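What's in run.pdb: PDB, C-alpha atoms, pLDDT in the B column
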```pdb
MODEL        1
ATOM      1  CA  MET S   1      10.250   0.156  10.043  1.00 95.00           C
ATOM      2  CA  ALA S   2       7.022  -1.204   8.627  1.00 97.00           C
ATOM      3  CA  ARG S   3       7.100  -3.967   6.043  1.00 98.00           C
ATOM      4  CA  VAL S   4       5.252  -3.098   2.820  1.00 98.00           C
ATOM      5  CA  LEU S   5       4.230  -5.864   0.420  1.00 98.00           C
ATOM      6  CA  LEU S   6       3.164  -5.160  -3.156  1.00 97.00           C
ATOM      7  CA  PRO S   7       1.424  -7.517  -5.557  1.00 96.00           C
ATOM      8  CA  ARG S   8       3.896  -9.199  -7.907  1.00 96.00           C
ATOM      9  CA  SER S   9       2.398  -7.470 -10.959  1.00 95.00           C
ATOM     10  CA  VAL S  10       2.859  -4.031  -9.364  1.00 95.00           C
ATOM     11  CA  GLY S  11       6.421  -4.836  -8.307  1.00 95.00           C
ATOM     12  CA  GLU S  12       7.287  -5.979 -11.808  1.00 95.00           C
ATOM     13  CA  GLN S  13       5.745  -2.929 -13.466  1.00 94.00           C
ATOM     14  CA  TYR S  14       6.896  -0.218 -11.044  1.00 94.00           C
ATOM     15  CA  ALA S  15       9.722  -1.509  -8.843  1.00 95.00           C
ATOM     16  CA  ASP S  16      12.075  -3.613 -10.985  1.00 95.00           C
ATOM     17  CA  GLY S  17      10.471  -6.784  -9.634  1.00 96.00           C
ATOM     18  CA  GLU S  18      10.765  -5.896  -5.940  1.00 96.00           C
ATOM     19  CA  THR S  19       7.681  -6.624  -3.883  1.00 97.00           C
ATOM     20  CA  GLU S  20       8.862  -6.089  -0.282  1.00 98.00           C
ATOM     21  CA  PHE S  21      10.094  -2.861   1.266  1.00 98.00           C
ATOM     22  CA  GLU S  22      10.995  -1.618   4.744  1.00 98.00           C
ATOM     23  CA  ILE S  23       9.565   1.893   5.122  1.00 97.00           C
ATOM     24  CA  ALA S  24       9.534   4.256   8.112  1.00 96.00           C
ATOM     25  CA  GLY S  25       6.352   6.117   8.992  1.00 96.00           C
ATOM     26  CA  THR S  26       3.647   6.424  11.636  1.00 96.00           C
ATOM     27  CA  THR S  27       0.602   6.532   9.319  1.00 97.00           C
ATOM     28  CA  VAL S  28      -0.326   4.858   6.059  1.00 97.00           C
ATOM     29  CA  ARG S  29      -0.105   8.279   4.363  1.00 97.00           C
ATOM     30  CA  GLU S  30       3.530   8.695   5.488  1.00 97.00           C
ATOM     31  CA  ILE S  31       4.375   5.181   4.328  1.00 97.00           C
ATOM     32  CA  VAL S  32       2.796   5.723   0.892  1.00 97.00           C
ATOM     33  CA  ARG S  33       4.585   9.080   0.487  1.00 97.00           C
ATOM     34  CA  ALA S  34       7.938   7.508   1.396  1.00 98.00           C
ATOM     35  CA  LEU S  35       7.288   4.610  -0.980  1.00 97.00           C
ATOM     36  CA  ASP S  36       6.370   7.088  -3.731  1.00 97.00           C
ATOM     37  CA  ALA S  37       9.660   8.915  -3.150  1.00 97.00           C
ATOM     38  CA  ARG S  38      11.471   5.620  -3.842  1.00 96.00           C
ATOM     39  CA  ILE S  39       9.168   4.526  -6.660  1.00 96.00           C
ATOM     40  CA  PRO S  40       7.736   7.609  -8.405  1.00 96.00           C
ATOM     41  CA  GLY S  41       4.117   7.182  -9.442  1.00 96.00           C
ATOM     42  CA  ILE S  42       3.266   4.347  -7.089  1.00 96.00           C
ATOM     43  CA  GLY S  43       1.530   6.654  -4.612  1.00 96.00           C
ATOM     44  CA  GLU S  44      -1.021   7.701  -7.224  1.00 96.00           C
ATOM     45  CA  LEU S  45      -1.520   4.082  -8.290  1.00 96.00           C
ATOM     46  CA  ILE S  46      -2.173   3.034  -4.693  1.00 95.00           C
ATOM     47  CA  GLN S  47      -4.569   5.907  -4.086  1.00 93.00           C
ATOM     48  CA  GLU S  48      -6.581   5.358  -7.262  1.00 92.00           C
ATOM     49  CA  THR S  49      -6.657   1.596  -7.800  1.00 92.00           C
ATOM     50  CA  MET S  50      -5.411  -0.223  -4.715  1.00 93.00           C
ATOM     51  CA  ALA S  51      -6.564  -1.026  -1.190  1.00 93.00           C
ATOM     52  CA  VAL S  52      -4.277  -1.168   1.840  1.00 96.00           C
ATOM     53  CA  ALA S  53      -4.434  -3.673   4.670  1.00 96.00           C
ATOM     54  CA  VAL S  54      -2.583  -2.893   7.904  1.00 97.00           C
ATOM     55  CA  ASP S  55      -1.720  -5.957   9.964  1.00 97.00           C
ATOM     56  CA  GLY S  56      -4.358  -7.987   8.134  1.00 94.00           C
ATOM     57  CA  GLU S  57      -7.224  -5.479   8.379  1.00 95.00           C
ATOM     58  CA  ILE S  58      -8.414  -3.753   5.204  1.00 92.00           C
ATOM     59  CA  PHE S  59      -9.484  -0.143   5.719  1.00 84.00           C
ATOM     60  CA  GLN S  60     -11.953   1.809   3.575  1.00 77.00           C
ATOM     61  CA  ASP S  61      -9.889   5.008   3.957  1.00 85.00           C
ATOM     62  CA  PRO S  62      -6.494   3.881   5.269  1.00 91.00           C
ATOM     63  CA  TYR S  63      -4.455   7.074   5.021  1.00 93.00           C
ATOM     64  CA  LEU S  64      -4.955   8.215   8.625  1.00 90.00           C
ATOM     65  CA  GLU S  65      -4.490   4.756  10.137  1.00 94.00           C
ATOM     66  CA  GLU S  66      -1.572   4.459  12.527  1.00 95.00           C
ATOM     67  CA  VAL S  67       1.306   2.167  11.671  1.00 96.00           C
ATOM     68  CA  GLN S  68       3.585   0.545  14.235  1.00 96.00           C
ATOM     69  CA  PRO S  69       7.288  -0.098  13.534  1.00 95.00           C
ATOM     70  CA  ASP S  70       6.551  -3.838  13.244  1.00 96.00           C
ATOM     71  CA  SER S  71       3.381  -3.464  11.136  1.00 97.00           C
ATOM     72  CA  GLU S  72       2.835  -5.146   7.795  1.00 97.00           C
ATOM     73  CA  LEU S  73       1.061  -3.251   5.032  1.00 97.00           C
ATOM     74  CA  PHE S  74      -0.349  -5.243   2.158  1.00 97.00           C
ATOM     75  CA  VAL S  75      -1.202  -3.335  -1.010  1.00 96.00           C
ATOM     76  CA  LEU S  76      -4.043  -5.116  -2.817  1.00 94.00           C
ATOM     77  CA  PRO S  77      -6.129  -4.505  -5.937  1.00 91.00           C
ATOM     78  CA  LYS S  78      -9.473  -2.959  -5.019  1.00 86.00           C
ATOM     79  CA  ILE S  79     -12.385  -5.322  -5.337  1.00 78.00           C
ATOM     80  CA  GLY S  80     -15.136  -3.925  -7.524  1.00 70.00           C
ATOM     81  CA  GLY S  81     -18.749  -4.553  -6.805  1.00 63.00           C
ATOM     82  CA  GLY S  82     -21.783  -4.912  -8.954  1.00 55.00           C
ATOM     83  CA  THR S  83     -25.120  -3.203  -8.824  1.00 59.00           C
ATOM     84  CA  VAL S  84     -27.605  -4.399  -6.256  1.00 59.00           C
ATOM     85  CA  LEU S  85     -31.092  -4.650  -7.653  1.00 59.00           C
TER      86      LEU S  85
ENDMDL
END
```
Translate the structure described by the file into C-alpha cells.
Amino acid sequence: MARVLLPRSVGEQYADGETEFEIAGTTVREIVRALDARIPGIGELIQETMAVAVDGEIFQDPYLEEVQPDSELFVLPKIGGGTVL
C-alpha cells in the first residue's frame, strides 16, 4: 500500500489529527478516492486547493499518475503565482 502524508493543518481539520495513511491504489485518482471514502470531503479539498507529489515529484495533473505499492504521496498546498509583467 502507498503511504499518504497530509499537512498537519489538514490532518487536524479533517482527520482527527492523523497525517499518515496506508492506502491501496494504482493511480493517484484511486488513492484520493480511497482516502475520501475514509475522510469524507478530503478528495474535493485535494482537487481544489492541494498539489500531490508522488515519490518526491510534483505533478501538474497527478490523477493519472501511476502509484507503486511502496510509493509515497505528499499532499501539499498549491503554490500561487503572481502576474508576470
List the residues matched by the PyMOL selection byres ((chain S and resi 38-47) around 9) in the displayed structure as a PyMOL selection string, ordered by chain and then by residue number.
chain S and resi 10+14-15+32-37+48-52+75-77
re atom CA of Thr19 of chain S and atom CA of Ser71 of chain S: distance 15.9 Å
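Shortest atom-to-atom contact with Glu18 of chain S among S:Val67, S:Ala53, S:Leu5, S:Ile31: S:Leu5, counting only C-alpha atoms.
If you count all atoms listed in the file and draw a sphere of 9 Å around (2.5, -0.4, 10.3), the protein and nucleic acid residues inside it come out as Met1, Ala2, Arg3, Val4, Ala24, Gly25, Thr26, Thr27, Val28, Ile31, Val54, Asp55, Glu65, Glu66, Val67, Gln68, Pro69, Asp70, Ser71, Glu72 and Leu73 of chain S.
Relative to atom CA of Leu6 of chain S, atom CA of Gly56 of chain S is found at 13.9 Å.
Of the listed residues S:Arg29, S:Phe74, S:Gly17, S:Gly80, the one whose atoms come nearest to Ile58 of chain S is S:Phe74, with distances taken using only C-alpha atoms.
For the pair atom CA of Pro62 of chain S and atom CA of Ile79 of chain S, the separation is 15.2 Å.
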